[in-house]
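> Before I ask anything, let me first share the structure, which is written out below as structure tokens.
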Amino acid sequence: MAAANGVRRIWVGQNGLLSTPAVSAVIRERVGSDGSRASGAFILTASHNPGGPHEDFGIKYNMENGGPAPEAITDKIFENTKTIKEYLIAEGLPNVDISLIGVTNFEGPDGPFDVDVFNSASDYVKLMKSIFDFQSIKKLLSSPKFTFCYDALHGVAGAYAKRIFVEELGAQESSLMNCVPKEDFGGGHPDPNLTYAKELVARMGLGKSGTQGEPPEFGAAADGDADRNMILGKRFFVTPSDSVAIIAANAVQTIPYFSGGLKGVARSMPTSAALDVVAKHLNLKFFEVPTGWKFFGNLMDAELCSICGEESFGTGSDHIREKDGIWAVLAWLSILAYKNKNSLSDEKLVTVEDIVRQHWAVYGRHYYTRYDYENVDAGAAKELMAYLVKLQSDLTEVNNIVKGIRSDVATIVHADEFEYKDPVDGSVSKHQGIRYLFEDGSRLVFRLSGTGSEGATIRLYIEQYEKDPSKTGRDSQEALAPLVETALKLSKMKEFTGRSAPTVIT
């Protein structure tokens, strides 16, 4: 199809494998032997969903900046699908063995046409080595005191894990789990969270049954296309909201790429405000954007943002225009290497848990949970959201209702439906979620997604901010209980949806 449509050259990752972050890096960094650069890329991906013949399969287009196509482009593509009457295809082109690196030249319908099969990892590894101090990470990983494991969940991250963690950084090959990429992800669900990364969770001492042996000091997982990540310490889970805040707070000291300072930081609206507090402390530009990586990309192209993240296990920086799971792991290993540079010989290691608790002591803790109500009747879901918007017209009445539910929660000082005006291109995104903001920095957020034939999903985000260092070590669900009760009763969740419990709690 490319040859028939006048494309001069196609670049293909060896064996057809390229992670989403690597695609972004290749578009931005790779130069062909004749000086050519990529105009864009098609990614065939199931993302973080189950894959295979009977599961998810998506086609994504990335632009010349390495980022996902904006809505203006995807809308035009969609409009074209309604009118297309034919498509061009070149007959008689020989098959190319994409397991072999090299350039194959053809004569296409419009003249010369090349297929360039290249090493999937080389450009990406080169980029990572220009960002991080690989020697200091290698020193950490070679210490007998530090143990590490990485779970690719049989996704494409496996094509990078051995090269980076074993060959470049000297980790033991036995530290890699499920790192052989499989078309159907081995029948699993490659979403790096506490529910689906069961094997890693058990190995890190967080499983329901007891662990066999001592868990490693550090564990991480990737999703199917390697742009998401989960970070774990020994018997300790790092929330994605805390992870991006901790990386931002430590980046300048620990990651050479950021040694000149951060341009700014950004998070998606539903993500906890942990990053906001860091930005305020460090006097950084800060942006709160709708869900969708393209909003971060705009800020980065305008040189307004260095580090960004979202609560759905996505973290990244301006080195590419996608979230980047392996980048996040290397960022955490850099922080651990820096904090332990003087304690690898005899003293006790500074652990993942230590780093998180030290962060809470300085910045406070944002207790955080997300309740997903899946396949709710679409009409009922819309009624619930309309009810929440209507409530916002009278904050006094809302606070009366809240105090009637729980007298121990703070006063609501602001309520709105989140709207974002892009500071770069001026575009406005409306109806991005309903927010209730409390005097003490706590928040309730309600979002509706996927109003398709399967019904709607209501996402409820609950966040309790705690500045008192003596109260940052509480059990998360216990600390959130008053706000959870408030959210469910204020929204009349059970009355509208008929659900007495969420489908998933994160």
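Residues in the structure tokens are named by chain (A, B, ... in the order shown) and by number from 1 within that chain; ligands are numbered from 1 in the order shown.
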If you run DSSP on this backbone, which residues of stretch 233-452 of chain A come out as helix (DSSP H, G or I), and could you give them as a ChimeraX atom specification?
/A:240-254,256-258,274-282,293-301,325-339,352-363,378-391,395-405
> Stretch 66-78 of chain A: which residues within 12 Å, counting only C-alpha atoms, same-chain residues fewer than 2 positions away excluded, as a PyMOL selection string?
chain A and resi 20-30+37-43+59-64+80-84+292-301+318-324+425+427+429
> Got a sec: who's within 6 Å of stretch 107-113 of chain A, counting only C-alpha atoms, leaving out chain neighbours fewer than 2 positions off, as number ranges by chain?
A: 3, 6, 8-9, 105
> State, in Å with one decimal place, the distance from atom CA of A:Ala479 to atom CA of A:Val445.
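One can read the atom CA of A:Ala479 to atom CA of A:Val445 distance as 17.3 Å.
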> DSSP on the backbone: which residues in stretch 386-429 of chain A end up as strand (DSSP E or B)? Give the answer as a list in words.
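Taking stretch 386-429 of chain A and keeping strand (DSSP E or B) only, one gets Ile412, Val413, His414, Ala415, Asp416, Glu417, Tyr420, Lys421, Val428 and Ser429 of chain A.
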> Kindly export the residues of the current selection with N, CA, C and O atoms, as a CSV table (one decimal), in the first residue's frame.

chain,number,residue,atom,x,y,z
A,412,ILE,N,-15.8,22.1,51.0
A,412,ILE,CA,-15.6,22.2,49.5
A,412,ILE,C,-15.5,23.7,49.2
A,412,ILE,O,-16.4,24.5,49.5
A,413,VAL,N,-14.4,24.1,48.6
A,413,VAL,CA,-14.2,25.6,48.3
A,413,VAL,C,-14.4,25.9,46.8
A,413,VAL,O,-14.5,27.0,46.4
A,414,HIS,N,-14.4,24.8,45.9
A,414,HIS,CA,-14.5,25.1,44.5
A,414,HIS,C,-15.1,23.8,43.8
A,414,HIS,O,-14.7,22.7,44.2
A,415,ALA,N,-16.0,24.0,42.9
A,415,ALA,CA,-16.5,22.9,42.1
A,415,ALA,C,-16.7,23.3,40.7
A,415,ALA,O,-17.2,24.4,40.5
A,416,ASP,N,-16.3,22.5,39.8
A,416,ASP,CA,-16.5,22.9,38.4
A,416,ASP,C,-16.5,21.6,37.5
A,416,ASP,O,-16.2,20.5,37.9
A,417,GLU,N,-16.7,21.9,36.2
A,417,GLU,CA,-16.5,20.9,35.1
A,417,GLU,C,-15.2,21.3,34.4
A,417,GLU,O,-15.1,22.4,33.9
A,420,TYR,N,-10.0,23.0,29.6
A,420,TYR,CA,-8.6,23.3,29.4
A,420,TYR,C,-8.5,24.1,28.1
A,420,TYR,O,-8.9,23.7,27.1
A,421,LYS,N,-7.8,25.3,28.3
A,421,LYS,CA,-7.4,26.1,27.1
A,421,LYS,C,-5.9,25.9,26.9
A,421,LYS,O,-5.1,26.2,27.8
A,428,VAL,N,-9.6,24.7,22.9
A,428,VAL,CA,-10.3,24.5,24.2
A,428,VAL,C,-10.9,23.1,24.3
A,428,VAL,O,-11.6,22.6,23.3
A,429,SER,N,-10.7,22.4,25.4
A,429,SER,CA,-11.2,21.0,25.6
A,429,SER,C,-12.2,21.1,26.7
A,429,SER,O,-11.9,21.5,27.9
> Figure out the distance between atom CA of A:Gly224 and atom CA of A:Asn49, please, to one decimal in Å.
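Between atom CA of A:Asn49 and atom CA of A:Gly224 the gap works out to 7.3 Å.
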> Between atom CA of A:Leu17 and atom CA of A:Gly170, what is the distance in Å, rounded to a tenth?
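Taking atom CA of A:Leu17 as the start and atom CA of A:Gly170 as the end point, the length is 23.4 Å.
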> If you count only C-alpha atoms, which residues fall within 10 Å of stretch 389-401 of chain A, apart from same-chain ones fewer than 3 positions away, as an MDAnalysis selection string?
chainID A and resid 383:386 404:407 409:417 433:436 486 489:491
> What lies within 8 Å of A:Ala331 using only C-alpha atoms, ignoring chain neighbours under 4 positions off, as a PDB file with all heavy atoms, in the first residue's frame?

ATOM      1  N   PHE A 132      20.698   9.167  30.806  1.00  0.00           N
ATOM      2  CA  PHE A 132      21.021   8.654  32.142  1.00  0.00           C
ATOM      3  C   PHE A 132      22.505   8.340  32.286  1.00  0.00           C
ATOM      4  O   PHE A 132      23.198   8.102  31.298  1.00  0.00           O
ATOM      5  CB  PHE A 132      20.208   7.377  32.421  1.00  0.00           C
ATOM      6  CG  PHE A 132      18.721   7.580  32.396  1.00  0.00           C
ATOM      7  CD1 PHE A 132      17.961   7.189  31.291  1.00  0.00           C
ATOM      8  CD2 PHE A 132      18.065   8.173  33.463  1.00  0.00           C
ATOM      9  CE1 PHE A 132      16.585   7.383  31.263  1.00  0.00           C
ATOM     10  CE2 PHE A 132      16.690   8.378  33.450  1.00  0.00           C
ATOM     11  CZ  PHE A 132      15.950   7.984  32.342  1.00  0.00           C
ATOM     12  N   ILE A 247      10.094  11.565  40.790  1.00  0.00           N
ATOM     13  CA  ILE A 247      11.064  11.734  39.695  1.00  0.00           C
ATOM     14  C   ILE A 247      11.347  13.227  39.478  1.00  0.00           C
ATOM     15  O   ILE A 247      12.506  13.640  39.374  1.00  0.00           O
ATOM     16  CB  ILE A 247      10.560  11.074  38.393  1.00  0.00           C
ATOM     17  CG1 ILE A 247      10.541   9.545  38.536  1.00  0.00           C
ATOM     18  CG2 ILE A 247      11.449  11.469  37.205  1.00  0.00           C
ATOM     19  CD1 ILE A 247       9.850   8.805  37.391  1.00  0.00           C
ATOM     20  N   ALA A 251      15.025  14.833  39.810  1.00  0.00           N
ATOM     21  CA  ALA A 251      15.586  14.724  38.454  1.00  0.00           C
ATOM     22  C   ALA A 251      16.881  15.511  38.266  1.00  0.00           C
ATOM     23  O   ALA A 251      17.850  14.999  37.685  1.00  0.00           O
ATOM     24  CB  ALA A 251      14.547  15.178  37.429  1.00  0.00           C
ATOM     25  N   ILE A 255      19.689  12.816  37.256  1.00  0.00           N
ATOM     26  CA  ILE A 255      19.620  12.446  35.837  1.00  0.00           C
ATOM     27  C   ILE A 255      20.353  13.515  35.012  1.00  0.00           C
ATOM     28  O   ILE A 255      19.912  14.668  34.965  1.00  0.00           O
ATOM     29  CB  ILE A 255      18.147  12.312  35.369  1.00  0.00           C
ATOM     30  CG1 ILE A 255      17.421  11.224  36.197  1.00  0.00           C
ATOM     31  CG2 ILE A 255      18.073  11.972  33.887  1.00  0.00           C
ATOM     32  CD1 ILE A 255      15.905  11.195  35.999  1.00  0.00           C
ATOM     33  N   TRP A 327      12.002   4.334  30.367  1.00  0.00           N
ATOM     34  CA  TRP A 327      12.551   5.605  30.867  1.00  0.00           C
ATOM     35  C   TRP A 327      12.229   5.784  32.348  1.00  0.00           C
ATOM     36  O   TRP A 327      13.094   6.179  33.141  1.00  0.00           O
ATOM     37  CB  TRP A 327      11.975   6.775  30.045  1.00  0.00           C
ATOM     38  CG  TRP A 327      12.384   8.128  30.557  1.00  0.00           C
ATOM     39  CD1 TRP A 327      13.482   8.843  30.183  1.00  0.00           C
ATOM     40  CD2 TRP A 327      11.723   8.916  31.554  1.00  0.00           C
ATOM     41  NE1 TRP A 327      13.533  10.033  30.885  1.00  0.00           N
ATOM     42  CE2 TRP A 327      12.468  10.100  31.739  1.00  0.00           C
ATOM     43  CE3 TRP A 327      10.562   8.727  32.324  1.00  0.00           C
ATOM     44  CZ2 TRP A 327      12.095  11.101  32.647  1.00  0.00           C
ATOM     45  CZ3 TRP A 327      10.192   9.723  33.232  1.00  0.00           C
ATOM     46  CH2 TRP A 327      10.950  10.894  33.385  1.00  0.00           C
ATOM     47  N   ILE A 335      17.689   7.442  40.665  1.00  0.00           N
ATOM     48  CA  ILE A 335      17.466   8.013  42.009  1.00  0.00           C
ATOM     49  C   ILE A 335      18.032   7.070  43.072  1.00  0.00           C
ATOM     50  O   ILE A 335      18.733   7.499  44.001  1.00  0.00           O
ATOM     51  CB  ILE A 335      15.953   8.275  42.239  1.00  0.00           C
ATOM     52  CG1 ILE A 335      15.450   9.356  41.278  1.00  0.00           C
ATOM     53  CG2 ILE A 335      15.682   8.675  43.693  1.00  0.00           C
ATOM     54  CD1 ILE A 335      13.937   9.483  41.191  1.00  0.00           C
TER      55      ILE A 335
END
> Find the spatial neighbours of stretch 351-366 of chain A, counting only C-alpha atoms, within a cut-off of 10 Å - ignore same-chain residues fewer than 4 positions away - and output them as a PyMOL selection string.
chain A and resi 146+217-219+231-239+241-243+245-246+249-250+272-278+280-281+332-333+335-336+339-340+441-443+462-473+476+480
> Using only C-alpha atoms, pick whichever of A:Ala46, A:Leu344, A:Tyr160, A:Phe118 has the shortest atom-to-atom distance to A:Leu141.
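Under the stated criterion, the closest residue is A:Leu344.
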> Could you pull the residues within 8 Å of A:Leu284, counting only C-alpha atoms, minus those fewer than 5 positions along the same chain, as a list in words?
Leu262, Lys263, Gly264, Val265 and Ala279 of chain A
> Taking only C-alpha atoms into account, which of A:Pro502, A:Pro423, A:Gly207, A:Gly186 comes nearest A:Thr457?
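Ranking A:Pro502, A:Pro423, A:Gly207, A:Gly186 by distance to A:Thr457, first place goes to A:Pro502.
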